[in-house]
>>> print(open('entry_13.txt').read())   # compact mmCIF, C-alpha atoms
# COMPACT_ATOMS: atom_id res chain seq x y z
CA MET F 444 -73.05 -5.08 43.29
CA ILE F 445 -71.71 -8.21 41.61
CA PRO F 446 -68.12 -7.34 40.65
CA PHE F 447 -66.65 -8.33 37.33
CA LEU F 448 -63.72 -9.97 39.14
CA ASP F 449 -63.12 -9.87 42.87
CA ILE F 450 -59.32 -9.69 43.04
CA ARG F 451 -59.38 -9.04 46.79
CA SER F 452 -61.27 -12.23 47.61
CA ILE F 453 -59.19 -14.28 45.14
CA ASN F 454 -55.90 -13.27 46.74
CA GLY F 455 -57.36 -13.27 50.24
CA ARG F 456 -57.57 -17.06 50.09
CA ASP F 457 -53.77 -17.28 50.03
CA ARG F 458 -52.92 -14.45 52.41
CA SER F 459 -51.03 -16.68 54.85
CA ALA F 460 -49.08 -18.44 52.08
CA PHE F 461 -48.18 -15.09 50.54
CA HIS F 462 -46.78 -13.92 53.88
CA ASP F 463 -44.71 -17.09 54.09
CA ALA F 464 -43.44 -16.52 50.54
CA LEU F 465 -42.49 -12.94 51.37
CA GLU F 466 -40.59 -14.06 54.44
CA ARG F 467 -38.79 -16.70 52.38
CA VAL F 468 -37.66 -14.12 49.83
CA LEU F 469 -36.64 -11.60 52.48
CA GLU F 470 -34.66 -14.25 54.32
CA SER F 471 -32.84 -15.27 51.13
CA GLY F 472 -31.67 -11.72 50.44
CA TRP F 473 -31.97 -12.43 46.69
CA PHE F 474 -34.53 -10.44 44.71
CA VAL F 475 -33.73 -10.85 40.98
CA VAL F 476 -33.65 -14.24 39.16
CA GLY F 477 -32.98 -16.37 42.21
CA ASP F 478 -34.30 -19.66 43.55
CA GLU F 479 -37.97 -18.63 43.44
CA VAL F 480 -37.80 -17.77 39.73
CA ARG F 481 -35.86 -20.95 39.00
CA ASP F 482 -38.34 -23.11 40.90
CA PHE F 483 -41.36 -21.42 39.37
CA GLU F 484 -39.90 -21.85 35.89
CA GLN F 485 -39.45 -25.56 36.50
CA GLU F 486 -42.94 -25.95 37.94
CA PHE F 487 -44.68 -23.98 35.21
CA ALA F 488 -42.75 -25.75 32.45
CA ALA F 489 -43.89 -29.07 33.93
CA TYR F 490 -47.46 -27.76 34.13
CA CYS F 491 -47.39 -26.77 30.45
CA GLY F 492 -45.62 -29.95 29.36
CA THR F 493 -42.55 -28.15 28.00
CA LYS F 494 -38.82 -28.42 28.59
CA HIS F 495 -38.31 -24.75 29.35
CA CYS F 496 -39.99 -21.78 30.99
CA ILE F 497 -38.28 -18.38 30.98
CA GLY F 498 -39.71 -15.79 33.34
CA VAL F 499 -39.89 -12.23 32.00
CA GLY F 500 -41.34 -8.88 33.01
CA ASN F 501 -44.78 -9.14 31.41
CA GLY F 502 -46.78 -10.74 28.62
CA LEU F 503 -45.89 -8.13 26.00
CA ASP F 504 -42.19 -8.67 26.66
CA ALA F 505 -42.73 -12.43 26.38
CA LEU F 506 -44.08 -12.04 22.83
CA HIS F 507 -41.50 -9.44 21.86
CA LEU F 508 -38.54 -11.48 23.10
CA ILE F 509 -39.79 -14.61 21.29
CA LEU F 510 -39.73 -12.66 18.03
CA ARG F 511 -36.29 -11.26 18.79
CA ALA F 512 -34.95 -14.71 19.68
CA LEU F 513 -36.26 -16.01 16.34
CA ALA F 514 -34.39 -13.17 14.58
CA ILE F 515 -37.64 -11.73 13.25
CA GLY F 516 -37.29 -8.04 12.50
CA PRO F 517 -37.31 -5.32 9.82
CA GLY F 518 -38.50 -6.55 6.45
CA ASP F 519 -40.36 -9.50 7.99
CA GLU F 520 -44.12 -9.94 8.35
CA VAL F 521 -45.98 -11.60 11.21
CA ILE F 522 -49.62 -12.63 10.90
CA VAL F 523 -51.74 -11.47 13.83
CA PRO F 524 -55.47 -11.63 14.56
CA SER F 525 -57.46 -8.54 13.64
CA ASN F 526 -59.37 -9.17 16.87
CA THR F 527 -57.05 -9.14 19.87
CA PHE F 528 -55.59 -6.95 22.59
CA ILE F 529 -53.11 -4.48 21.11
CA ALA F 530 -50.13 -6.13 22.86
CA THR F 531 -50.12 -8.85 20.18
CA TRP F 532 -49.51 -6.20 17.51
CA LEU F 533 -47.13 -4.13 19.63
CA ALA F 534 -44.76 -7.07 20.07
CA VAL F 535 -44.42 -7.32 16.29
CA THR F 536 -43.85 -3.59 15.99
CA TYR F 537 -41.23 -3.56 18.76
CA ALA F 538 -39.32 -6.30 16.92
CA GLY F 539 -39.28 -4.07 13.81
CA ALA F 540 -41.52 -6.39 11.78
CA THR F 541 -44.89 -5.64 10.19
CA PRO F 542 -48.17 -6.98 11.62
CA VAL F 543 -50.47 -8.49 8.98
CA PRO F 544 -54.03 -8.85 10.34
CA VAL F 545 -56.27 -11.83 9.62
CA GLU F 546 -59.94 -11.91 10.55
CA PRO F 547 -61.40 -14.25 13.21
CA ILE F 548 -64.12 -16.87 13.06
CA LEU F 549 -67.18 -15.06 14.34
CA SER F 550 -68.34 -17.93 16.58
CA THR F 551 -65.00 -18.45 18.39
CA CYS F 552 -63.46 -14.95 18.05
CA ASN F 553 -60.14 -16.69 17.26
CA ILE F 554 -58.10 -16.32 14.05
CA ASP F 555 -59.61 -18.10 11.04
CA PRO F 556 -57.20 -20.71 9.60
CA GLU F 557 -59.05 -20.59 6.27
CA ARG F 558 -57.93 -16.99 5.77
CA LEU F 559 -54.24 -17.54 6.50
CA ALA F 560 -53.00 -18.67 3.10
CA SER F 561 -54.15 -15.50 1.34
CA ALA F 562 -52.33 -13.36 3.92
CA ILE F 563 -48.98 -15.15 3.58
CA SER F 564 -46.22 -13.59 1.50
CA HIS F 565 -42.54 -14.37 0.93
CA ARG F 566 -41.86 -12.13 3.96
CA THR F 567 -44.08 -14.04 6.42
CA ARG F 568 -41.99 -15.48 9.24
CA ALA F 569 -44.52 -16.27 11.96
CA ILE F 570 -48.19 -16.56 12.90
CA ILE F 571 -49.22 -15.44 16.38
CA ALA F 572 -52.17 -17.58 17.42
CA VAL F 573 -54.05 -15.88 20.25
CA HIS F 574 -56.08 -18.12 22.55
CA LEU F 575 -58.61 -15.35 23.05
CA TYR F 576 -60.72 -15.29 26.23
CA GLY F 577 -59.16 -18.66 27.19
CA LEU F 578 -60.30 -20.70 24.15
CA PRO F 579 -57.38 -22.36 22.32
CA ALA F 580 -56.99 -21.31 18.70
CA ASP F 581 -57.30 -24.11 16.12
CA ILE F 582 -53.58 -24.90 16.12
CA GLU F 583 -53.85 -28.08 14.05
CA ARG F 584 -55.44 -26.23 11.13
CA ILE F 585 -53.02 -23.35 11.57
CA ARG F 586 -50.12 -25.81 11.52
CA SER F 587 -51.36 -27.35 8.28
CA VAL F 588 -50.88 -23.96 6.65
CA ALA F 589 -47.71 -22.89 8.47
CA ALA F 590 -45.59 -26.05 8.59
CA PRO F 591 -45.20 -26.68 4.83
CA ARG F 592 -44.04 -23.07 4.44
CA GLY F 593 -41.59 -23.11 7.35
CA ILE F 594 -43.55 -20.46 9.25
CA HIS F 595 -43.23 -20.34 13.05
CA ILE F 596 -46.35 -20.68 15.20
CA ILE F 597 -46.22 -18.54 18.33
CA GLU F 598 -48.92 -18.90 20.97
CA ASP F 599 -50.25 -15.81 22.68
CA ALA F 600 -51.50 -17.66 25.75
CA ALA F 601 -51.92 -14.60 27.95
CA GLN F 602 -55.56 -15.55 28.67
CA ALA F 603 -55.26 -19.33 28.48
CA HIS F 604 -53.43 -20.64 31.54
CA GLY F 605 -54.50 -24.25 31.91
CA ALA F 606 -56.50 -24.48 28.68
CA ARG F 607 -56.01 -27.59 26.54
CA SER F 608 -56.35 -28.47 22.88
CA HIS F 609 -57.01 -32.15 22.21
CA ASP F 610 -55.55 -32.90 25.64
CA ARG F 611 -52.36 -30.90 25.02
CA PRO F 612 -51.76 -27.89 27.29
CA THR F 613 -51.56 -24.42 25.87
CA GLY F 614 -47.95 -23.36 26.01
CA SER F 615 -46.85 -26.59 24.29
CA LEU F 616 -48.65 -26.18 20.96
CA GLY F 617 -46.24 -23.99 18.97
CA ARG F 618 -42.56 -23.09 18.64
CA ALA F 619 -42.96 -20.98 21.77
CA ALA F 620 -45.74 -19.47 23.86
CA ALA F 621 -46.11 -16.17 25.70
CA PHE F 622 -47.94 -15.93 29.02
CA SER F 623 -48.98 -12.92 31.06
CA PHE F 624 -49.36 -13.03 34.84
CA TYR F 625 -51.20 -9.72 35.12
CA PRO F 626 -53.24 -9.83 38.37
CA GLY F 627 -56.57 -10.47 36.64
CA LYS F 628 -55.40 -13.56 34.72
CA ASN F 629 -56.33 -17.13 35.66
CA LEU F 630 -52.79 -17.40 37.03
CA GLY F 631 -52.23 -13.85 38.19
CA ALA F 632 -49.37 -12.36 40.16
CA LEU F 633 -49.67 -9.49 42.62
CA GLY F 634 -48.14 -7.22 40.01
CA ASP F 635 -46.80 -7.57 36.48
CA GLY F 636 -45.09 -10.72 35.25
CA GLY F 637 -44.80 -12.97 32.22
CA ALA F 638 -43.12 -16.07 30.85
CA VAL F 639 -42.20 -17.94 27.69
CA THR F 640 -42.54 -21.72 27.38
CA THR F 641 -40.77 -23.74 24.69
CA ASP F 642 -39.18 -27.11 23.92
CA ASP F 643 -36.44 -25.48 21.84
CA ASP F 644 -33.13 -25.56 23.75
CA ASN F 645 -31.42 -22.91 21.62
CA LEU F 646 -34.42 -20.61 21.77
CA ALA F 647 -34.46 -20.91 25.57
CA ILE F 648 -30.78 -19.99 25.74
CA ALA F 649 -31.38 -16.94 23.54
CA LEU F 650 -34.38 -15.85 25.61
CA ARG F 651 -32.50 -16.12 28.91
CA SER F 652 -29.81 -13.90 27.43
CA LEU F 653 -32.17 -11.36 25.88
CA ARG F 654 -34.17 -10.90 29.09
CA SER F 655 -31.00 -9.92 30.98
CA TYR F 656 -29.12 -7.33 28.91
CA GLY F 657 -28.04 -9.86 26.28
CA GLN F 658 -25.65 -11.64 28.63
CA SER F 659 -25.19 -15.34 29.34
CA VAL F 660 -22.29 -14.63 31.71
CA LYS F 661 -22.38 -11.51 33.87
CA TYR F 662 -20.86 -8.50 32.09
CA ARG F 663 -20.34 -10.44 28.85
CA HIS F 664 -22.97 -9.17 26.43
CA GLU F 665 -23.36 -11.20 23.23
CA HIS F 666 -26.59 -9.46 22.18
CA LYS F 667 -28.27 -6.08 22.49
CA GLY F 668 -30.62 -7.31 25.16
CA PHE F 669 -33.29 -5.97 27.46
CA ASN F 670 -34.08 -5.80 31.16
CA SER F 671 -37.17 -7.99 31.45
CA ARG F 672 -36.95 -10.43 34.32
CA LEU F 673 -39.72 -11.99 36.37
CA ASP F 674 -39.48 -10.55 39.87
CA GLU F 675 -38.35 -12.99 42.54
CA LEU F 676 -41.23 -12.06 44.85
CA GLN F 677 -43.83 -12.40 42.11
CA ALA F 678 -42.40 -15.82 41.26
CA ALA F 679 -42.84 -16.84 44.90
CA PHE F 680 -46.47 -15.69 44.83
CA LEU F 681 -47.09 -17.46 41.51
CA ARG F 682 -45.77 -20.70 42.98
CA VAL F 683 -48.49 -20.43 45.63
CA LYS F 684 -51.26 -19.77 43.11
CA LEU F 685 -50.14 -22.39 40.58
CA LYS F 686 -51.12 -25.08 43.08
CA SER F 687 -54.80 -24.11 42.82
CA LEU F 688 -54.94 -23.22 39.10
CA ASP F 689 -56.60 -26.46 37.96
CA GLN F 690 -59.13 -26.27 40.78
CA ASP F 691 -59.90 -22.64 39.95
CA ASN F 692 -60.27 -23.44 36.24
CA ALA F 693 -62.64 -26.30 37.05
CA HIS F 694 -64.77 -23.85 39.03
CA ARG F 695 -64.73 -21.41 36.12
CA HIS F 696 -65.88 -24.25 33.86
CA ARG F 697 -68.82 -25.01 36.15
CA LEU F 698 -69.81 -21.34 36.18
CA ALA F 699 -69.56 -21.15 32.39
CA GLU F 700 -71.82 -24.18 31.99
CA ARG F 701 -74.31 -22.58 34.36
CA TYR F 702 -74.24 -19.39 32.31
CA ARG F 703 -74.69 -21.37 29.11
CA ASP F 704 -77.63 -23.33 30.53
CA GLY F 705 -79.29 -20.25 32.00
CA LEU F 706 -78.90 -18.10 28.88
CA ARG F 707 -79.54 -20.84 26.32
CA ASP F 708 -82.86 -19.35 25.19
CA ALA F 709 -81.91 -15.68 25.56
CA PRO F 710 -81.72 -13.55 22.38
CA LEU F 711 -77.94 -13.28 22.28
CA HIS F 712 -74.87 -15.22 21.10
CA LEU F 713 -73.13 -17.38 23.69
CA PRO F 714 -69.41 -18.23 23.60
CA ALA F 715 -68.43 -21.33 21.65
CA ALA F 716 -66.98 -24.41 23.32
CA PRO F 717 -65.74 -26.56 20.40
CA GLU F 718 -65.26 -30.28 20.88
CA GLY F 719 -61.70 -31.19 21.80
CA GLN F 720 -60.93 -27.75 23.22
CA ARG F 721 -60.74 -27.22 26.98
CA HIS F 722 -61.63 -23.57 27.53
CA ALA F 723 -59.90 -21.83 30.44
CA TRP F 724 -62.86 -19.42 30.72
CA HIS F 725 -60.67 -16.44 31.52
CA LEU F 726 -63.66 -14.47 30.24
CA PHE F 727 -67.29 -15.34 29.55
CA VAL F 728 -68.11 -13.20 26.52
CA ILE F 729 -71.58 -12.87 25.05
CA ARG F 730 -72.53 -10.99 21.89
CA THR F 731 -75.52 -8.83 21.12
CA PRO F 732 -76.14 -5.89 18.76
CA PHE F 733 -77.70 -4.16 21.80
CA ARG F 734 -74.44 -4.40 23.77
CA ASP F 735 -74.13 -0.79 24.93
CA ARG F 736 -77.68 -0.58 26.19
CA LEU F 737 -77.44 -4.01 27.85
CA GLN F 738 -74.27 -2.96 29.64
CA GLN F 739 -75.99 0.18 30.91
CA GLU F 740 -79.01 -1.79 32.10
CA LEU F 741 -76.84 -4.34 33.91
CA SER F 742 -74.84 -1.58 35.58
CA ALA F 743 -78.07 -0.03 36.84
CA ARG F 744 -79.01 -3.44 38.24
CA GLY F 745 -75.70 -3.81 40.09
CA VAL F 746 -73.86 -6.10 37.67
CA GLU F 747 -70.37 -5.01 36.60
CA THR F 748 -69.35 -5.93 33.04
CA LEU F 749 -66.43 -5.08 30.77
CA ILE F 750 -65.79 -4.95 27.02
CA HIS F 751 -62.91 -6.99 25.58
CA TYR F 752 -62.22 -5.06 23.35
CA PRO F 753 -64.04 -1.86 22.33
CA LEU F 754 -61.70 -0.84 19.48
CA SER F 755 -59.73 -3.16 17.21
CA PRO F 756 -55.98 -2.54 16.83
CA HIS F 757 -56.27 -1.46 13.19
CA LEU F 758 -58.49 1.47 14.27
CA GLN F 759 -56.31 2.57 17.17
CA GLY F 760 -54.37 5.80 16.88
CA ALA F 761 -51.19 3.84 17.60
CA TYR F 762 -51.50 2.27 14.13
CA ALA F 763 -52.73 5.28 12.21
CA GLU F 764 -49.69 5.03 9.92
CA LEU F 765 -51.03 1.75 8.51
CA ALA F 766 -54.05 3.67 7.16
CA MET F 767 -56.44 0.78 7.77
CA ALA F 768 -59.79 2.52 7.44
CA GLU F 769 -62.99 1.46 9.16
CA GLY F 770 -64.60 -1.37 7.22
CA ARG F 771 -61.26 -3.00 6.36
CA TYR F 772 -61.79 -5.80 8.89
CA PRO F 773 -65.56 -6.06 9.30
CA ILE F 774 -65.65 -9.16 11.51
CA ALA F 775 -63.31 -7.63 14.09
CA GLU F 776 -65.36 -4.44 13.93
CA GLN F 777 -68.60 -6.35 14.45
CA LEU F 778 -67.10 -8.02 17.50
CA GLN F 779 -65.95 -4.69 18.94
CA ARG F 780 -69.54 -3.47 18.73
CA GLU F 781 -71.18 -6.59 20.14
CA VAL F 782 -68.98 -8.31 22.77
CA LEU F 783 -69.72 -8.02 26.47
CA SER F 784 -67.86 -9.86 29.23
CA LEU F 785 -69.99 -11.03 32.15
CA PRO F 786 -68.61 -11.54 35.68
CA MET F 787 -66.38 -14.59 35.98
CA GLY F 788 -63.82 -15.73 38.53
CA PRO F 789 -62.77 -18.50 40.89
CA THR F 790 -64.51 -16.97 43.92
CA MET F 791 -67.77 -16.20 42.14
CA THR F 792 -70.66 -18.39 43.33
CA GLU F 793 -73.29 -20.27 41.36
CA ASP F 794 -75.95 -18.15 43.05
CA GLU F 795 -74.24 -15.03 41.71
CA VAL F 796 -74.24 -16.54 38.20
CA ASP F 797 -77.98 -17.21 38.57
CA GLU F 798 -78.47 -13.60 39.65
CA VAL F 799 -76.55 -12.29 36.64
CA VAL F 800 -78.54 -14.56 34.33
CA ALA F 801 -81.80 -13.26 35.77
CA HIS F 802 -80.69 -9.65 35.31
CA VAL F 803 -79.55 -10.29 31.71
CA LYS F 804 -82.87 -11.90 30.83
CA ALA F 805 -84.91 -9.18 32.52
CA ALA F 806 -82.89 -6.42 30.86
CA LEU F 807 -83.21 -7.99 27.42
CA ALA F 808 -86.94 -8.54 27.87
CA GLU F 809 -87.40 -4.89 28.79
CA MET F 810 -85.23 -3.68 25.93
CA LEU F 811 -86.98 -5.82 23.30
CA ARG F 812 -90.57 -5.12 24.38
>>> encode(input="entry_13.txt", output="C-alpha cells")
Amino acid sequence: MIPFLDIRSINGRDRSAFHDALERVLESGWFVVGDEVRDFEQEFAAYCGTKHCIGVGNGLDALHLILRALAIGPGDEVIVPSNTFIATWLAVTYAGATPVPVEPILSTCNIDPERLASAISHRTRAIIAVHLYGLPADIERIRSVAAPRGIHIIEDAAQAHGARSHDRPTGSLGRAAAFSFYPGKNLGALGDGGAVTTDDDNLAIALRSLRSYGQSVKYRHEHKGFNSRLDELQAAFLRVKLKSLDQDNAHRHRLAERYRDGLRDAPLHLPAAPEGQRHAWHLFVIRTPFRDRLQQELSARGVETLIHYPLSPHLQGAYAELAMAEGRYPIAEQLQREVLSLPMGPTMTEDEVDEVVAHVKAALAEMLR
C-alpha cells in the first residue's frame, strides 16, 4: 500500500529533537504562551517576512479572530471562494457576518478575480483569498479590485506554508493571514495549532488580546475575547519542523514535477503551476469525470487517495439556511465531482511516484477501453 501521507515516517525523522523539545518544556514548568510560543512566533514571522506572528489554537480560530480584530460582524459581508474547506465559511459565520461565495478558476481551483466586482456590495468588508492545495491565489488581481474600495484582503494560507507569489511569501500578501498547523499540513504540529501573520501593529495587539480572554494585562479584560492559544509544547515541536520546511517543500516540488511529467499524456487534468507562483504542493490534485471509479481502481491496486473536497460548502447541511440549491455554483460543483488527491509528502520517494503514475495510467486504460 502506498499511503496518501505517511505521518509516522514524517515525524519519525525528528523523534530525538521532539524528545529534547519535550524535556525543555517540562523543565521550564511553563505550558501556556511561554518562551517556546514567543520564539516560534518570532521565527515564523521572519520566515513569512512579516512583523508579527500570533499563535492561536487552530486555523479556523486564526481566520475568525482576524475578522473579529477587524471589527467585521453582523451586517457585514465577506467574499469567500465557493470551492474551499468549510472552515473558511465558518470563520465568517462565527464573526456574525455573511459569507458571499465567488466561483473559482477551473484550472487553478482558486477564486476568480474577474468575478469579484459583481459580488461586492456596500456591505463587503473583506475578501478571504484561499491558497488552495498550496497554490497562491492571484493576490495582485484581487488587490486591484479590493484596494480602490477599501476592502481587506485576508489570506487563508492553511495549505500554503512556504508558498510564494512573485517571490513574496504567503502570509505577507494581505492585511493578515491565517495558518493551520494541523498534523497533515506542510508545517504540521503533533496536534492542533494555528497562527496569524500580519504587519499591522494594532491588529497584532488586538489579536493577542482576543486569543486570551480579551485581556492585554492579566485579569483586565478590554474585549469579549476567546481562549485560543497555541500550546507551548506544540510551539516547541513546530520550531523543530520549521527548520526543514523549505527542504521538505523542495522535495514536494520534485515529486510534483515527476507526477506532471509522468501523467502529461494521460486523459485527465493536471494541477496548474502558473508562472510567478511557487506552489507549496500541499496536495497534488488531478481532475477527471471518472473520479469515483478511478479512486476505486487505485484503492484496489494499493494506492490510497483522498478527495478535497467532496461537497462544496453551499451544499452542506450546515448552510441549509442560505438555500443555495444545487446548480447555483456549477464550477465548484464540477470540482467536487472531479478532483482526486494523489499521494504526496516529504518522505514519499520518486519510485513511489512512478508506481502511482503507472497505476493511474493502467487504471485509466482499463476504464476507457
>>> closest_residue(input="entry_13.txt", among="F:Ile509, F:Leu749, F:Val683, F:Met810", to="F:Met787", atoms="only C-alpha atoms")
F:Leu749
>>> atom_distance(input="entry_13.txt", atom1="atom CA of F:Ala743", atom2="atom CA of F:Val796")
17.0 Å
>>> closest_residue(input="entry_13.txt", among="F:Phe447, F:Leu513, F:Lys661, F:Pro542", to="F:Ser784", atoms="only C-alpha atoms")
F:Phe447
>>> residues_around(input="entry_13.txt", residues="F:His462", least_positions_apart="5", cutoff="12 Å", atoms="only C-alpha atoms", output="list in words")
Asn454, Gly455, Arg456, Asp457, Arg467, Val468, Leu469, Leu676, Ala679, Phe680 and Val683 of chain F
>>> closest_residue(input="entry_13.txt", among="F:Tyr772, F:Phe528, F:Phe624, F:Tyr537", to="F:His574", atoms="all atoms listed in the file")
F:Phe528
>>> residues_near_point(input="entry_13.txt", point="(-58.4, -31.5, 24.4)", cutoff="7 Å", atoms="only C-alpha atoms", output="PyMOL selection string")
chain F and resi 607-611+719-721
>>> write_last_selection(input="entry_13.txt", atoms="C-alpha atoms", output="compact mmCIF listing (two decimals), in the coordinates of the input")
# COMPACT_ATOMS: atom_id res chain seq x y z
CA ARG F 607 -56.01 -27.59 26.54
CA SER F 608 -56.35 -28.47 22.88
CA HIS F 609 -57.01 -32.15 22.21
CA ASP F 610 -55.55 -32.90 25.64
CA ARG F 611 -52.36 -30.90 25.02
CA GLY F 719 -61.70 -31.19 21.80
CA GLN F 720 -60.93 -27.75 23.22
CA ARG F 721 -60.74 -27.22 26.98
>>> residues_around(input="entry_13.txt", residues="F:His802", least_positions_apart="6", cutoff="9 Å", atoms="only C-alpha atoms", output="count of residues only")
4
>>> axis_aligned_box(input="entry_13.txt", around="stretch 487-491 of chain F", padding_each_side="5 Å", output="JSON")
{"center_x": -45.1, "center_y": -26.5, "center_z": 32.8, "size_x": 14.7, "size_y": 15.1, "size_z": 14.8}
>>> residues_around(input="entry_13.txt", residues="F:Lys686", least_positions_apart="3", cutoff="12 Å", atoms="all atoms listed in the file", output="ChimeraX atom specification")
/F:457,460,483,486-487,490,605,630,679-683,689-692
>>> closest_residue(input="entry_13.txt", among="F:Ser587, F:Ser742, F:Thr567, F:Ser655", to="F:Val499", atoms="all atoms listed in the file")
F:Ser655
>>> residues_around(input="entry_13.txt", residues="F:Met791", least_positions_apart="4", cutoff="10 Å", atoms="only C-alpha atoms", output="PyMOL selection string")
chain F and resi 445-449+452-453+694-695+698+786-787+795-796
>>> closest_residue(input="entry_13.txt", among="F:Gln485, F:Ser550, F:Asn526, F:Ser459", to="F:Ala716", atoms="all atoms listed in the file")
F:Ser550
>>> decode(input="entry_13.txt", residues="stretch 673-745 of chain F", atoms="C-alpha atoms", output="PDB file, in the first residue's frame")
ATOM      1  CA  LEU F 673      -1.006  27.943  20.596  1.00  0.00           C
ATOM      2  CA  ASP F 674       0.133  25.268  23.024  1.00  0.00           C
ATOM      3  CA  GLU F 675       3.653  25.688  24.360  1.00  0.00           C
ATOM      4  CA  LEU F 676       4.589  22.097  23.544  1.00  0.00           C
ATOM      5  CA  GLN F 677       3.226  22.313  20.006  1.00  0.00           C
ATOM      6  CA  ALA F 678       5.212  25.520  19.505  1.00  0.00           C
ATOM      7  CA  ALA F 679       8.354  23.662  20.584  1.00  0.00           C
ATOM      8  CA  PHE F 680       7.626  20.890  18.072  1.00  0.00           C
ATOM      9  CA  LEU F 681       6.883  23.413  15.316  1.00  0.00           C
ATOM     10  CA  ARG F 682      10.227  25.096  15.920  1.00  0.00           C
ATOM     11  CA  VAL F 683      11.875  21.752  15.165  1.00  0.00           C
ATOM     12  CA  LYS F 684       9.899  21.197  11.966  1.00  0.00           C
ATOM     13  CA  LEU F 685      10.211  24.771  10.673  1.00  0.00           C
ATOM     14  CA  LYS F 686      13.929  24.155  10.161  1.00  0.00           C
ATOM     15  CA  SER F 687      13.217  21.559   7.453  1.00  0.00           C
ATOM     16  CA  LEU F 688      10.153  23.179   5.833  1.00  0.00           C
ATOM     17  CA  ASP F 689      11.985  24.585   2.800  1.00  0.00           C
ATOM     18  CA  GLN F 690      13.799  21.294   2.242  1.00  0.00           C
ATOM     19  CA  ASP F 691      10.527  19.366   2.520  1.00  0.00           C
ATOM     20  CA  ASN F 692       8.774  21.743   0.121  1.00  0.00           C
ATOM     21  CA  ALA F 693      11.606  21.379  -2.384  1.00  0.00           C
ATOM     22  CA  HIS F 694      11.125  17.607  -2.231  1.00  0.00           C
ATOM     23  CA  ARG F 695       7.390  18.026  -2.760  1.00  0.00           C
ATOM     24  CA  HIS F 696       8.168  20.183  -5.795  1.00  0.00           C
ATOM     25  CA  ARG F 697      10.382  17.468  -7.276  1.00  0.00           C
ATOM     26  CA  LEU F 698       7.655  14.877  -6.736  1.00  0.00           C
ATOM     27  CA  ALA F 699       5.055  17.153  -8.329  1.00  0.00           C
ATOM     28  CA  GLU F 700       7.233  17.647 -11.402  1.00  0.00           C
ATOM     29  CA  ARG F 701       7.679  13.891 -11.647  1.00  0.00           C
ATOM     30  CA  TYR F 702       3.914  13.416 -11.453  1.00  0.00           C
ATOM     31  CA  ARG F 703       3.388  16.088 -14.100  1.00  0.00           C
ATOM     32  CA  ASP F 704       5.960  14.534 -16.435  1.00  0.00           C
ATOM     33  CA  GLY F 705       4.645  11.008 -15.932  1.00  0.00           C
ATOM     34  CA  LEU F 706       0.982  11.915 -16.388  1.00  0.00           C
ATOM     35  CA  ARG F 707       1.450  14.508 -19.127  1.00  0.00           C
ATOM     36  CA  ASP F 708      -0.228  12.356 -21.785  1.00  0.00           C
ATOM     37  CA  ALA F 709      -2.844  10.738 -19.543  1.00  0.00           C
ATOM     38  CA  PRO F 710      -6.532  11.577 -20.188  1.00  0.00           C
ATOM     39  CA  LEU F 711      -7.003  13.776 -17.139  1.00  0.00           C
ATOM     40  CA  HIS F 712      -6.448  17.366 -15.975  1.00  0.00           C
ATOM     41  CA  LEU F 713      -3.227  18.066 -14.097  1.00  0.00           C
ATOM     42  CA  PRO F 714      -2.847  20.825 -11.485  1.00  0.00           C
ATOM     43  CA  ALA F 715      -1.785  24.231 -12.770  1.00  0.00           C
ATOM     44  CA  ALA F 716       1.564  25.789 -11.907  1.00  0.00           C
ATOM     45  CA  PRO F 717       1.253  29.405 -13.121  1.00  0.00           C
ATOM     46  CA  GLU F 718       4.375  31.419 -13.838  1.00  0.00           C
ATOM     47  CA  GLY F 719       5.466  33.518 -10.883  1.00  0.00           C
ATOM     48  CA  GLN F 720       3.710  31.306  -8.339  1.00  0.00           C
ATOM     49  CA  ARG F 721       5.720  28.931  -6.157  1.00  0.00           C
ATOM     50  CA  HIS F 722       3.336  26.106  -5.286  1.00  0.00           C
ATOM     51  CA  ALA F 723       3.787  24.502  -1.859  1.00  0.00           C
ATOM     52  CA  TRP F 724       2.292  21.254  -3.217  1.00  0.00           C
ATOM     53  CA  HIS F 725       0.414  20.510  -0.020  1.00  0.00           C
ATOM     54  CA  LEU F 726      -1.756  18.389  -2.309  1.00  0.00           C
ATOM     55  CA  PHE F 727      -1.337  17.064  -5.844  1.00  0.00           C
ATOM     56  CA  VAL F 728      -4.873  17.194  -7.216  1.00  0.00           C
ATOM     57  CA  ILE F 729      -5.879  15.778 -10.582  1.00  0.00           C
ATOM     58  CA  ARG F 730      -9.303  16.047 -12.216  1.00  0.00           C
ATOM     59  CA  THR F 731     -11.283  13.520 -14.199  1.00  0.00           C
ATOM     60  CA  PRO F 732     -15.003  12.950 -14.802  1.00  0.00           C
ATOM     61  CA  PHE F 733     -14.284   9.294 -13.931  1.00  0.00           C
ATOM     62  CA  ARG F 734     -13.011  10.242 -10.455  1.00  0.00           C
ATOM     63  CA  ASP F 735     -15.035   7.805  -8.350  1.00  0.00           C
ATOM     64  CA  ARG F 736     -14.191   4.806 -10.472  1.00  0.00           C
ATOM     65  CA  LEU F 737     -10.523   5.815 -10.694  1.00  0.00           C
ATOM     66  CA  GLN F 738     -10.337   6.122  -6.920  1.00  0.00           C
ATOM     67  CA  GLN F 739     -11.829   2.650  -6.536  1.00  0.00           C
ATOM     68  CA  GLU F 740      -9.389   1.181  -9.059  1.00  0.00           C
ATOM     69  CA  LEU F 741      -6.397   2.804  -7.355  1.00  0.00           C
ATOM     70  CA  SER F 742      -7.537   1.553  -3.964  1.00  0.00           C
ATOM     71  CA  ALA F 743      -7.738  -1.979  -5.353  1.00  0.00           C
ATOM     72  CA  ARG F 744      -4.176  -1.536  -6.630  1.00  0.00           C
ATOM     73  CA  GLY F 745      -2.887  -0.416  -3.221  1.00  0.00           C
TER      74      GLY F 745
END
